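To start, the structure itself, in structure tokens.
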Amino acid sequence: MASDLSSLLNSSRALNSHLSRPDLPSINLSLDQIEAQSRRLVSRQPGASSDADRANYLLAQAHVDAPALANSIAHLNTSSTFSPLQPLQDTDVSGYLRHAHEQNLISTIEEGRRETQEHFYRLLEERSHKDWEAKKRRVFEELGGRATSDSKALAEMKKSFHGKAALAASTGPSLTLQMQSKMMAYDRAISELNAARLRGTSCPIIHLLMQAAASLNSEPSSQQILQNFHVLAKITSEPPALPPVEHAGAHILNAPLFERKYARVYLGDTDSREAAALRIQIAKGSREALEDQFWDIIERTIQSRPMEARLGGDPSVANKIRAFLLMRYYKNGQWEDRIELVAGQPLWAKLYYLVRTGHAQEALDEALKSQQAIEHREDSFMNHFRSWIESPERRLPKPHRDHLQTVYNAHMLHSASADPFKLALYKLMGKLEPSRRTVSQVTMTTEDWLWFQLAMVDEEEEGGLRGLTEVLLSYGERHFDGTKKGVWPGVLLMCGQFERSVAALWEHPETEIEAVHLAIALAYHGLLRVPSRAETSDISPLTLSPLSPPALSLPMLIWRYVRQFVKMDAKEALQYVYCVCLSADQGDGVGRENVETAWELVRRIIVLAHSGPAWEELVGGFRPDGTRFSGIIEQGATLLHLQNTAQYNEQILIRAARDSEENDRIPEAIKLYNLAGDYGTVISCLAQALGNTLAQPAGESDKGKIIERTAVEILRHYERTNRAVGKDRDAAVRLLRIREALNAKSSGRFDVVLEIMESTDLIPLDGDVAKITRKAEEFKDLHDALQRNLQVYLPLTMEALAAVHQSIKNSATAETTRQMTLTTLRKKSRSLMVFGGILKYRMSPDVYSYLARLDVEIAL
């Protein structure tokens, strides 16, 4: 039957073989496809075609059976997706193991992918939340929630270049009473730091900050902050006090040099030998700080429970460790499980805790006392222990470590009863299994765990401190702050991530103040990397890049801090700005940018500070006898890397004066120009200011009076010293006279007004038409302030003429004298009208009409 059908198919294909055309494609469709196509063609309405139909049609042209594929997919059974391709026999053990291994790999990959995805989204959410909080704080401040600057000052802070924008977009600790007390405790340390820098001597800044933190015992975070400062003091080897100075140059001989001591190495090549030595020092200092902390805990524990400690009359270190072990591990008449007794005492635990508290020599002495008992159990321990204790870097030669590894693997690694402290000692001496970071019953607390990691660090293996840092960063803040808040910044500090540590403190409002001062201490010792202006973010002071180590914007951090009290205490704000220049020696132009930013911050302080005696104490001023005295900024010019007076005048005084002008603080701008010796600009600024106040009703306000008083003092001094002679000074003198006339008018003394205005020689009143015409032509050469105020002093003069005319007219003076005076007044009035008529285009019509009306009254 099948052969008959095949022959029938072949004969049917041969029926139209003579009609085949090679240029037309052949159709090879199944009956199901032909039926499906037919049904679609029949059901298709004009203008209604679906994308699926067109796709199926095109796929059919390419000999793709889309309906068949769809049917296969619909009936796909995925339950056997990960089943073996070939059935496994019950006795095929190797095949089963291979399949199980493949399944484990697939499951592990899938689980890792899922965990990575969840971790990514969690980090994304946390980062988004932090960014949102930072932006929200910025918005609240800009809206006035916590800002202390007025709108013009804020506008000044938002000028063009990126550094200014980043510094303007700032937040800082709110000035509660508690915050103010904390700030006052810390700012004394900064003042002492700058005083020492000016003297050219070193300053134990970390210990000064520790004293400030210790005075704030009521603060919940004070103990952790104290520990952080203690860690840094150990890392930098900063002594608590400097050697006494017996003569002026003694500091050069007997005082250590602290400022920027580590900057060259820290900011240089991270793969250099010096950088590796610095990382060793960081790990060692952090470990020693943890040892001091634990020893303090032991002593306080013993003092709190003396009866239980049973210390007796022996105050030695070893006896205190014995007492502590008794309190911790001896319960109900017996020692805890796995505590091995050697010569009747928990020797392994005792040796470990002596090492853990930094008493290595005492540990060796204790081991020597029980040497015979120790060698009976661990015959090679004493030789290795002695070599390890006496090694400066706590590092044994490789043959010794290999031997320790063998003993460790044979007797302790898989033993359920091995003393955990003996196991820990072997791991420390041989630096065994560094990837297994915990030891049961030994690394119980975060501090114990961190000390153990730092003690295991080897710069020649496993990446050293940098390798440990990567592990700690992978754990993240959540891992360490689960049981105790505020631990994460200390963890970062101990592994040399100084910039990240400061940023972690800054993220929490209760430790923002400590973050600023920790950053200053780090910068002073040369352990802070500052980003370039282009790399600085306007949200976070921390800059992270895959191509370079982390960096922290010290200028941004300091400005965010000081802007909260810059108006109240500009001198203290200035002390912090001085610290911006600590990073002046950083390469790639960053140091120069920091210096320029410090200058910018000083100018902002000058603009934002309140005028008065405190302001003059800041910038300097002139005594009544005309002599100049310097201000605090000029006295600290060397801290700002200002080389000479000319640079100080240009970068600080003159530019601050321009900023003051832009912020409508004219009296301050005038004083600053005057201090800088720019006398021509002083007079020009005075003339403009006096001209502006004349035409304004507020000219008699406090601001106008201050400008007038300043102008009187400066002009008197300039006339005496013959400075700034010229058009501007003449204009300022005339404007002051007009102001006197306005004041005389206010008191009703119009005869004085007329006398003053005639003395200014601004208006020709003698009736000489030629002179009037010449004066009108010379008007365009007058100072701009005088030209702008024409419609102020012309009506003022006419009002004075009218008032004096009315007074003479109603007086009891002799008729002849009265008529002569009235004639003179009419002549002056007509002269003023002729002059005003020529300059009519410079006045509003109302003013000229007013003058004409008064002239008519005088003429009657």
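Starting from 1 in every chain, residues are counted up; chains themselves are A, B, ... following the order of the structure tokens, and ligands are numbered from 1 as listed.
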
Requested in this report: Please give the complete set of residues from stretch 716-807 of chain A that DSSP, run on the backbone, assigns to helix (DSSP H, G or I), formatted as a ChimeraX atom specification.
Outcome: /A:716-721,727-746,750-760,769-781,784-788,790-807

Which polymer residues have any atom within 6 Å of an atom of stretch 363-372 of chain A, counting only C-alpha atoms, with same-chain residues fewer than 2 positions away left out, as a compact mmCIF listing (two decimals) with all heavy atoms, in the first residue's frame?
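Saved result, around18.txt, follows:
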# COMPACT_ATOMS: atom_id res chain seq x y z
N LEU A 351 48.11 32.17 77.76
CA LEU A 351 49.07 32.69 76.78
C LEU A 351 48.35 33.51 75.70
O LEU A 351 48.83 34.57 75.29
CB LEU A 351 49.84 31.53 76.13
CG LEU A 351 50.76 30.71 77.04
CD1 LEU A 351 51.42 29.61 76.24
CD2 LEU A 351 51.79 31.61 77.70
N LEU A 354 47.29 36.90 77.08
CA LEU A 354 48.45 37.79 77.25
C LEU A 354 48.85 38.40 75.91
O LEU A 354 49.17 39.59 75.82
CB LEU A 354 49.62 37.01 77.87
CG LEU A 354 49.51 36.73 79.36
CD1 LEU A 354 50.55 35.72 79.80
CD2 LEU A 354 49.66 38.03 80.17
N ALA A 360 53.14 40.52 75.07
CA ALA A 360 53.82 39.39 74.42
C ALA A 360 54.98 38.88 75.27
O ALA A 360 55.18 37.66 75.41
CB ALA A 360 54.31 39.80 73.04
N GLN A 361 55.76 39.77 75.83
CA GLN A 361 56.90 39.34 76.63
C GLN A 361 56.44 38.58 77.88
O GLN A 361 57.04 37.57 78.26
CB GLN A 361 57.75 40.55 77.04
CG GLN A 361 59.05 40.19 77.74
CD GLN A 361 59.94 39.28 76.91
OE1 GLN A 361 60.18 39.53 75.73
NE2 GLN A 361 60.45 38.20 77.51
N ILE A 374 54.75 22.07 78.69
CA ILE A 374 54.32 22.37 77.32
C ILE A 374 55.00 21.41 76.34
O ILE A 374 54.36 20.85 75.45
CB ILE A 374 54.64 23.84 76.97
CG1 ILE A 374 53.76 24.79 77.79
CG2 ILE A 374 54.44 24.09 75.48
CD1 ILE A 374 54.11 26.25 77.61
N GLU A 375 56.30 21.21 76.49
CA GLU A 375 57.03 20.35 75.56
C GLU A 375 56.60 18.89 75.67
O GLU A 375 56.72 18.12 74.72
CB GLU A 375 58.53 20.48 75.80
CG GLU A 375 59.09 21.84 75.37
CD GLU A 375 60.57 21.98 75.63
OE1 GLU A 375 61.10 21.15 76.43
OE2 GLU A 375 61.20 22.90 75.08

Residues at most 12 Å from A:Glu668, counting only C-alpha atoms, excluding those fewer than 2 positions away in the same chain, as a tab-separated table (two decimals) with all heavy atoms, in the first residue's frame?
chain	number	residue	atom	x	y	z
A	606	ILE	N	34.19	86.50	55.07
A	606	ILE	CA	34.22	87.96	55.16
A	606	ILE	C	32.87	88.54	54.75
A	606	ILE	O	32.34	89.46	55.39
A	606	ILE	CB	35.35	88.53	54.28
A	606	ILE	CG1	36.71	88.13	54.85
A	606	ILE	CG2	35.25	90.04	54.18
A	606	ILE	CD1	37.88	88.50	53.96
A	607	VAL	N	32.29	88.01	53.68
A	607	VAL	CA	31.01	88.53	53.18
A	607	VAL	C	29.88	88.20	54.13
A	607	VAL	O	29.00	89.03	54.38
A	607	VAL	CB	30.73	87.98	51.77
A	607	VAL	CG1	29.34	88.39	51.30
A	607	VAL	CG2	31.77	88.47	50.78
A	608	LEU	N	29.89	86.99	54.69
A	608	LEU	CA	28.77	86.56	55.53
A	608	LEU	C	28.86	87.08	56.96
A	608	LEU	O	27.84	87.16	57.64
A	608	LEU	CB	28.72	85.02	55.56
A	608	LEU	CG	28.33	84.34	54.25
A	608	LEU	CD1	28.48	82.83	54.39
A	608	LEU	CD2	26.91	84.69	53.85
A	609	ALA	N	30.06	87.42	57.41
A	609	ALA	CA	30.21	87.86	58.80
A	609	ALA	C	29.55	89.21	59.00
A	609	ALA	O	29.50	90.06	58.09
A	609	ALA	CB	31.69	87.94	59.16
A	610	HIS	N	29.05	89.43	60.19
A	610	HIS	CA	28.40	90.70	60.53
A	610	HIS	C	29.45	91.80	60.65
A	610	HIS	O	30.54	91.59	61.21
A	610	HIS	CB	27.64	90.58	61.84
A	610	HIS	CG	26.39	89.76	61.72
A	610	HIS	ND1	25.30	90.17	60.99
A	610	HIS	CD2	26.07	88.55	62.22
A	610	HIS	CE1	24.36	89.26	61.06
A	610	HIS	NE2	24.79	88.24	61.79
A	611	SER	N	29.09	92.99	60.17
A	611	SER	CA	29.99	94.12	60.28
A	611	SER	C	30.03	94.61	61.72
A	611	SER	O	29.06	94.49	62.46
A	611	SER	CB	29.55	95.24	59.35
A	611	SER	OG	30.44	96.33	59.42
A	612	GLY	N	31.15	95.18	62.11
A	612	GLY	CA	31.30	95.67	63.46
A	612	GLY	C	32.72	95.47	63.94
A	612	GLY	O	33.62	95.12	63.17
A	615	TRP	N	34.16	92.17	62.99
A	615	TRP	CA	34.49	92.08	61.57
A	615	TRP	C	35.83	92.74	61.30
A	615	TRP	O	36.66	92.22	60.55
A	615	TRP	CB	33.38	92.74	60.76
A	615	TRP	CG	33.51	92.57	59.28
A	615	TRP	CD1	33.12	91.51	58.53
A	615	TRP	CD2	34.07	93.52	58.36
A	615	TRP	NE1	33.39	91.73	57.21
A	615	TRP	CE2	33.97	92.95	57.07
A	615	TRP	CE3	34.63	94.78	58.50
A	615	TRP	CZ2	34.42	93.61	55.93
A	615	TRP	CZ3	35.09	95.45	57.37
A	615	TRP	CH2	34.98	94.86	56.09
A	616	GLU	N	36.07	93.90	61.91
A	616	GLU	CA	37.35	94.57	61.74
A	616	GLU	C	38.48	93.77	62.38
A	616	GLU	O	39.61	93.77	61.88
A	616	GLU	CB	37.30	95.98	62.33
A	616	GLU	CG	36.41	96.94	61.54
A	616	GLU	CD	36.60	98.37	61.97
A	616	GLU	OE1	37.27	98.60	63.00
A	616	GLU	OE2	36.09	99.26	61.28
A	619	VAL	N	39.37	91.30	59.51
A	619	VAL	CA	40.05	91.77	58.29
A	619	VAL	C	41.07	92.87	58.54
A	619	VAL	O	41.89	93.16	57.66
A	619	VAL	CB	39.00	92.27	57.27
A	619	VAL	CG1	38.06	91.16	56.90
A	619	VAL	CG2	38.24	93.48	57.80
A	620	GLY	N	41.00	93.50	59.72
A	620	GLY	CA	41.89	94.63	59.97
A	620	GLY	C	41.15	95.95	59.83
A	620	GLY	O	39.96	95.99	59.50
A	621	GLY	N	41.86	97.06	60.08
A	621	GLY	CA	41.22	98.37	59.99
A	621	GLY	C	42.22	99.48	60.24
A	621	GLY	O	43.44	99.28	60.20
A	653	LEU	N	41.41	90.50	50.04
A	653	LEU	CA	40.72	91.76	50.30
A	653	LEU	C	39.96	92.28	49.07
A	653	LEU	O	38.77	92.57	49.15
A	653	LEU	CB	41.72	92.80	50.79
A	653	LEU	CG	42.37	92.52	52.15
A	653	LEU	CD1	43.32	93.65	52.52
A	653	LEU	CD2	41.32	92.34	53.23
A	654	ILE	N	40.66	92.40	47.94
A	654	ILE	CA	40.02	93.01	46.76
A	654	ILE	C	38.89	92.13	46.24
A	654	ILE	O	37.79	92.61	45.93
A	654	ILE	CB	41.07	93.27	45.67
A	654	ILE	CG1	42.04	94.38	46.13
A	654	ILE	CG2	40.40	93.66	44.35
A	654	ILE	CD1	43.14	94.69	45.15
A	656	ALA	N	37.20	89.89	47.94
A	656	ALA	CA	36.11	89.93	48.92
A	656	ALA	C	35.34	91.23	48.83
A	656	ALA	O	34.11	91.26	49.01
A	656	ALA	CB	36.67	89.75	50.33
A	657	ALA	N	36.05	92.31	48.50
A	657	ALA	CA	35.36	93.60	48.31
A	657	ALA	C	34.41	93.53	47.12
A	657	ALA	O	33.28	94.04	47.18
A	657	ALA	CB	36.40	94.71	48.12
A	658	ARG	N	34.85	92.90	46.03
A	658	ARG	CA	33.96	92.75	44.87
A	658	ARG	C	32.74	91.91	45.21
A	658	ARG	O	31.61	92.24	44.82
A	658	ARG	CB	34.73	92.11	43.71
A	658	ARG	CG	35.83	92.99	43.14
A	658	ARG	CD	36.68	92.21	42.16
A	658	ARG	NE	37.86	92.96	41.74
A	658	ARG	CZ	38.93	92.41	41.18
A	658	ARG	NH1	38.97	91.10	40.97
A	658	ARG	NH2	39.95	93.16	40.83
A	659	ASP	N	32.96	90.83	45.96
A	659	ASP	CA	31.84	90.00	46.38
A	659	ASP	C	30.89	90.79	47.27
A	659	ASP	O	29.66	90.63	47.19
A	659	ASP	CB	32.34	88.76	47.11
A	659	ASP	CG	33.10	87.81	46.20
A	659	ASP	OD1	32.97	87.94	44.97
A	659	ASP	OD2	33.84	86.95	46.72
A	660	SER	N	31.44	91.64	48.14
A	660	SER	CA	30.59	92.46	49.01
A	660	SER	C	29.77	93.45	48.19
A	660	SER	O	28.59	93.68	48.48
A	660	SER	CB	31.46	93.20	50.03
A	660	SER	OG	32.13	92.31	50.89
A	661	GLU	N	30.40	94.02	47.16
A	661	GLU	CA	29.65	94.91	46.28
A	661	GLU	C	28.48	94.18	45.63
A	661	GLU	O	27.36	94.69	45.58
A	661	GLU	CB	30.58	95.46	45.19
A	661	GLU	CG	31.34	96.69	45.58
A	661	GLU	CD	32.02	97.32	44.38
A	661	GLU	OE1	33.12	96.86	44.03
A	661	GLU	OE2	31.43	98.26	43.79
A	662	GLU	N	28.74	92.97	45.12
A	662	GLU	CA	27.69	92.21	44.45
A	662	GLU	C	26.57	91.85	45.41
A	662	GLU	O	25.41	91.70	45.00
A	662	GLU	CB	28.28	90.93	43.85
A	662	GLU	CG	29.24	91.19	42.70
A	662	GLU	CD	29.89	89.90	42.21
A	662	GLU	OE1	29.48	88.81	42.68
A	662	GLU	OE2	30.78	89.99	41.36
A	663	ASN	N	26.88	91.74	46.69
A	663	ASN	CA	25.87	91.41	47.69
A	663	ASN	C	25.34	92.65	48.40
A	663	ASN	O	24.72	92.53	49.46
A	663	ASN	CB	26.46	90.43	48.71
A	663	ASN	CG	26.61	89.04	48.16
A	663	ASN	OD1	25.68	88.24	48.22
A	663	ASN	ND2	27.77	88.72	47.61
A	664	ASP	N	25.58	93.82	47.80
A	664	ASP	CA	25.05	95.09	48.30
A	664	ASP	C	25.52	95.38	49.73
A	664	ASP	O	24.77	95.93	50.54
A	664	ASP	CB	23.52	95.08	48.24
A	664	ASP	CG	22.95	96.49	48.33
A	664	ASP	OD1	23.64	97.44	47.93
A	664	ASP	OD2	21.81	96.64	48.84
A	665	ARG	N	26.75	95.03	50.00
A	665	ARG	CA	27.34	95.37	51.30
A	665	ARG	C	28.43	96.40	51.03
A	665	ARG	O	29.63	96.13	51.12
A	665	ARG	CB	27.88	94.12	51.98
A	665	ARG	CG	26.82	93.06	52.24
A	665	ARG	CD	27.31	91.96	53.15
A	665	ARG	NE	27.67	92.48	54.45
A	665	ARG	CZ	28.02	91.71	55.49
A	665	ARG	NH1	28.04	90.40	55.34
A	665	ARG	NH2	28.35	92.23	56.64
A	666	ILE	N	27.97	97.59	50.67
A	666	ILE	CA	28.87	98.64	50.19
A	666	ILE	C	29.83	99.13	51.27
A	666	ILE	O	31.03	99.29	50.99
A	666	ILE	CB	28.06	99.81	49.61
A	666	ILE	CG1	27.11	99.30	48.51
A	666	ILE	CG2	28.99	100.88	49.06
A	666	ILE	CD1	27.82	98.58	47.38
A	670	ILE	N	33.88	99.05	50.70
A	670	ILE	CA	34.72	100.25	50.74
A	670	ILE	C	35.89	100.06	51.71
A	670	ILE	O	37.05	100.38	51.42
A	670	ILE	CB	33.87	101.47	51.14
A	670	ILE	CG1	32.88	101.80	50.01
A	670	ILE	CG2	34.75	102.68	51.45
A	670	ILE	CD1	31.84	102.82	50.40
A	671	LYS	N	35.59	99.50	52.87
A	671	LYS	CA	36.64	99.29	53.86
A	671	LYS	C	37.68	98.28	53.35
A	671	LYS	O	38.88	98.44	53.60
A	671	LYS	CB	36.02	98.79	55.16
A	671	LYS	CG	35.21	99.85	55.90
A	671	LYS	CD	34.60	99.29	57.18
A	671	LYS	CE	33.78	100.34	57.91
A	671	LYS	NZ	33.17	99.79	59.15
A	672	LEU	N	37.21	97.26	52.66
A	672	LEU	CA	38.14	96.25	52.15
A	672	LEU	C	39.04	96.83	51.06
A	672	LEU	O	40.25	96.56	51.04
A	672	LEU	CB	37.35	95.05	51.61
A	672	LEU	CG	36.64	94.19	52.67
A	672	LEU	CD1	35.69	93.21	52.00
A	672	LEU	CD2	37.66	93.45	53.51
A	673	TYR	N	38.46	97.60	50.15
A	673	TYR	CA	39.28	98.27	49.13
A	673	TYR	C	40.30	99.20	49.79
A	673	TYR	O	41.47	99.28	49.36
A	673	TYR	CB	38.41	99.08	48.18
A	673	TYR	CG	37.68	98.27	47.14
A	673	TYR	CD1	36.30	98.38	46.98
A	673	TYR	CD2	38.37	97.40	46.30
A	673	TYR	CE1	35.62	97.63	46.01
A	673	TYR	CE2	37.71	96.66	45.33
A	673	TYR	CZ	36.33	96.78	45.19
A	673	TYR	OH	35.69	96.05	44.23
A	674	ASN	N	39.87	99.88	50.83
A	674	ASN	CA	40.75	100.81	51.52
A	674	ASN	C	41.91	100.06	52.19
A	674	ASN	O	43.07	100.48	52.12
A	674	ASN	CB	39.95	101.59	52.56
A	674	ASN	CG	40.71	102.78	53.11
A	674	ASN	OD1	41.54	103.38	52.42
A	674	ASN	ND2	40.45	103.11	54.36
A	675	LEU	N	41.59	98.91	52.82
A	675	LEU	CA	42.64	98.11	53.46
A	675	LEU	C	43.63	97.57	52.44
A	675	LEU	O	44.83	97.43	52.73
A	675	LEU	CB	42.00	96.95	54.22
A	675	LEU	CG	41.29	97.30	55.53
A	675	LEU	CD1	40.47	96.11	56.02
A	675	LEU	CD2	42.30	97.72	56.59
A	682	VAL	N	38.24	102.83	46.05
A	682	VAL	CA	37.52	103.24	47.26
A	682	VAL	C	36.68	104.48	46.97
A	682	VAL	O	35.48	104.53	47.27
A	682	VAL	CB	38.51	103.53	48.41
A	682	VAL	CG1	37.79	104.20	49.58
A	682	VAL	CG2	39.17	102.25	48.86
A	685	CYS	N	33.84	103.77	44.50
A	685	CYS	CA	32.77	103.04	45.17
A	685	CYS	C	32.00	103.95	46.11
A	685	CYS	O	30.76	103.87	46.21
A	685	CYS	CB	33.39	101.88	45.94
A	685	CYS	SG	32.22	100.64	46.52
A	686	LEU	N	32.73	104.84	46.79
A	686	LEU	CA	32.06	105.79	47.68
A	686	LEU	C	31.12	106.69	46.90
A	686	LEU	O	29.98	106.94	47.33
A	686	LEU	CB	33.11	106.64	48.39
A	686	LEU	CG	33.59	106.18	49.77
A	686	LEU	CD1	34.63	107.14	50.29
A	686	LEU	CD2	32.43	106.09	50.73
A	689	ALA	N	28.05	104.80	45.88
A	689	ALA	CA	27.18	104.50	47.02
A	689	ALA	C	26.45	105.75	47.49
A	689	ALA	O	25.24	105.71	47.77
A	689	ALA	CB	28.01	103.91	48.16
A	703	LYS	N	21.71	102.04	56.91
A	703	LYS	CA	22.70	101.76	55.88
A	703	LYS	C	23.24	103.05	55.28
A	703	LYS	O	24.45	103.21	55.08
A	703	LYS	CB	22.08	100.88	54.80
A	703	LYS	CG	23.05	100.49	53.70
A	703	LYS	CD	22.38	99.57	52.69
A	703	LYS	CE	23.33	99.21	51.58
A	703	LYS	NZ	22.69	98.34	50.58
A	706	ILE	N	25.55	104.76	57.68
A	706	ILE	CA	26.85	104.09	57.75
A	706	ILE	C	27.72	104.49	56.57
A	706	ILE	O	28.92	104.77	56.72
A	706	ILE	CB	26.65	102.56	57.80
A	706	ILE	CG1	26.00	102.15	59.11
A	706	ILE	CG2	27.98	101.85	57.62
A	706	ILE	CD1	25.61	100.68	59.17
A	707	ILE	N	27.12	104.52	55.37
A	707	ILE	CA	27.88	104.92	54.18
A	707	ILE	C	28.36	106.35	54.32
A	707	ILE	O	29.52	106.67	54.00
A	707	ILE	CB	27.01	104.74	52.92
A	707	ILE	CG1	26.74	103.25	52.67
A	707	ILE	CG2	27.67	105.38	51.71
A	707	ILE	CD1	25.80	102.98	51.53
A	710	THR	N	31.18	106.49	56.88
A	710	THR	CA	32.40	105.92	56.30
A	710	THR	C	33.04	106.88	55.32
A	710	THR	O	34.28	107.04	55.29
A	710	THR	CB	32.07	104.59	55.61
A	710	THR	OG1	31.45	103.69	56.53
A	710	THR	CG2	33.32	103.94	55.03
A	711	ALA	N	32.21	107.50	54.49
A	711	ALA	CA	32.73	108.45	53.50
A	711	ALA	C	33.42	109.63	54.16
A	711	ALA	O	34.48	110.08	53.70
A	711	ALA	CB	31.59	108.93	52.60

Report task. Can you work out which one of A:Ile302, A:Ala323, A:Ala343, A:Ala263 has the shortest atom-to-atom distance to A:Asp585, counting only C-alpha atoms? Result ->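 When distances to A:Asp585 are compared using only C-alpha atoms, the smallest one comes from A:Ala263.
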
Go through stretch 559-644 of chain A residue by residue and, counting only C-alpha atoms, keep those with an atom at most 8 Å from stretch 182-202 of chain A; for each kept residue give the shortest atom pair and its distance in Å to one decimal, ordered by chain and increasing number, as a Markdown table.
| residue | atom | partner | partner_atom | distance |
| --- | --- | --- | --- | --- |
| A:Glu572 | CA | A:Asp187 | CA | 7.1 |
| A:Gln575 | CA | A:Ser191 | CA | 6.2 |
| A:Tyr576 | CA | A:Ile190 | CA | 7.0 |
| A:Tyr578 | CA | A:Asn194 | CA | 7.5 |
| A:Cys579 | CA | A:Asn194 | CA | 7.9 |
| A:Gly636 | CA | A:Leu198 | CA | 7.2 |
| A:Thr638 | CA | A:Leu198 | CA | 7.4 |
| A:Leu639 | CA | A:Leu198 | CA | 7.1 |

**Report entry** Shell of 12 Å around stretch 737-750 of chain A, only C-alpha atoms, local chain residues under 6 positions omitted, as a ChimeraX atom specification
**Finding:** /A:690-697,699-700,704-705,707-709,711-712,730-731,756-762,785-786,789-790,792-808

Query raised in the report: Looking at A:Val725, A:Val590, A:Ala859, A:Ile763, which one is nearest to A:Ile683, with distances taken over only C-alpha atoms?
Result: A:Val725

**Report entry** Contacts of A:Gln227 within 8 Å, only C-alpha atoms, excl. fewer than 6 positions in-chain, as a PyMOL selection string
**Finding:** chain A and resi 289+293+490

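Backbone DSSP of stretch 296-381 of chain A yields strand (DSSP E) at Tyr330, Lys331, Gln334 and Trp335 of chain A.
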
Output the selection as a PDB file, in the first residue's frame - all heavy atoms for each residue.
ATOM      1  N   TYR A 330      35.490  29.629  84.459  1.00  0.00           N
ATOM      2  CA  TYR A 330      35.403  28.690  85.578  1.00  0.00           C
ATOM      3  C   TYR A 330      34.023  28.827  86.220  1.00  0.00           C
ATOM      4  O   TYR A 330      33.713  29.843  86.847  1.00  0.00           O
ATOM      5  CB  TYR A 330      36.501  28.985  86.595  1.00  0.00           C
ATOM      6  CG  TYR A 330      36.654  27.918  87.656  1.00  0.00           C
ATOM      7  CD1 TYR A 330      37.277  26.711  87.366  1.00  0.00           C
ATOM      8  CD2 TYR A 330      36.185  28.136  88.951  1.00  0.00           C
ATOM      9  CE1 TYR A 330      37.420  25.726  88.337  1.00  0.00           C
ATOM     10  CE2 TYR A 330      36.328  27.167  89.927  1.00  0.00           C
ATOM     11  CZ  TYR A 330      36.945  25.959  89.613  1.00  0.00           C
ATOM     12  OH  TYR A 330      37.086  25.000  90.581  1.00  0.00           O
ATOM     13  N   LYS A 331      33.201  27.809  86.050  1.00  0.00           N
ATOM     14  CA  LYS A 331      31.835  27.845  86.551  1.00  0.00           C
ATOM     15  C   LYS A 331      31.542  26.570  87.336  1.00  0.00           C
ATOM     16  O   LYS A 331      31.875  25.462  86.893  1.00  0.00           O
ATOM     17  CB  LYS A 331      30.826  27.961  85.394  1.00  0.00           C
ATOM     18  CG  LYS A 331      31.069  29.121  84.441  1.00  0.00           C
ATOM     19  CD  LYS A 331      30.835  30.474  85.108  1.00  0.00           C
ATOM     20  CE  LYS A 331      31.046  31.617  84.117  1.00  0.00           C
ATOM     21  NZ  LYS A 331      30.919  32.932  84.765  1.00  0.00           N
ATOM     22  N   GLN A 334      34.341  23.945  88.014  1.00  0.00           N
ATOM     23  CA  GLN A 334      35.101  23.293  86.942  1.00  0.00           C
ATOM     24  C   GLN A 334      35.245  24.245  85.750  1.00  0.00           C
ATOM     25  O   GLN A 334      34.462  25.176  85.562  1.00  0.00           O
ATOM     26  CB  GLN A 334      34.406  22.015  86.508  1.00  0.00           C
ATOM     27  CG  GLN A 334      33.003  22.198  85.973  1.00  0.00           C
ATOM     28  CD  GLN A 334      32.363  20.870  85.598  1.00  0.00           C
ATOM     29  OE1 GLN A 334      32.958  19.812  85.773  1.00  0.00           O
ATOM     30  NE2 GLN A 334      31.149  20.937  85.053  1.00  0.00           N
ATOM     31  N   TRP A 335      36.280  23.946  84.958  1.00  0.00           N
ATOM     32  CA  TRP A 335      36.528  24.756  83.764  1.00  0.00           C
ATOM     33  C   TRP A 335      35.603  24.301  82.641  1.00  0.00           C
ATOM     34  O   TRP A 335      35.148  23.160  82.613  1.00  0.00           O
ATOM     35  CB  TRP A 335      37.977  24.612  83.305  1.00  0.00           C
ATOM     36  CG  TRP A 335      38.941  25.212  84.284  1.00  0.00           C
ATOM     37  CD1 TRP A 335      39.594  24.571  85.297  1.00  0.00           C
ATOM     38  CD2 TRP A 335      39.337  26.582  84.352  1.00  0.00           C
ATOM     39  NE1 TRP A 335      40.382  25.437  86.007  1.00  0.00           N
ATOM     40  CE2 TRP A 335      40.244  26.699  85.446  1.00  0.00           C
ATOM     41  CE3 TRP A 335      39.025  27.727  83.626  1.00  0.00           C
ATOM     42  CZ2 TRP A 335      40.834  27.898  85.801  1.00  0.00           C
ATOM     43  CZ3 TRP A 335      39.626  28.930  83.970  1.00  0.00           C
ATOM     44  CH2 TRP A 335      40.511  29.012  85.035  1.00  0.00           C
TER      45      TRP A 335
END

Requested in this report: Would you please work out which residue, of A:Glu288, A:Glu778, A:Asp458, A:Glu514, is nearest to A:Ala233 when using only C-alpha atoms?
Outcome: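 The answer is A:Glu288, which sits nearest to A:Ala233.
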
Report task. Please provide as a ChimeraX atom specification all residues within 12 Å of A:Asp625, with the sequence filter that same-chain residues fewer than 2 positions apart are discarded (counting only C-alpha atoms). Result -> /A:621-623,627-629,713,716-717,720-721

Query raised in the report: Got a sec: who's within 12 Å of A:Ser844, counting only C-alpha atoms, leaving out chain neighbours fewer than 2 positions off, as a list in words?
Result: Arg788, Asn789, Leu790, Gln791, Val792, Pro795, Gly836, Gly837, Leu839, Lys840, Tyr841, Arg842, Asp846, Val847, Tyr848, Ser849, Tyr850 and Leu851 of chain A
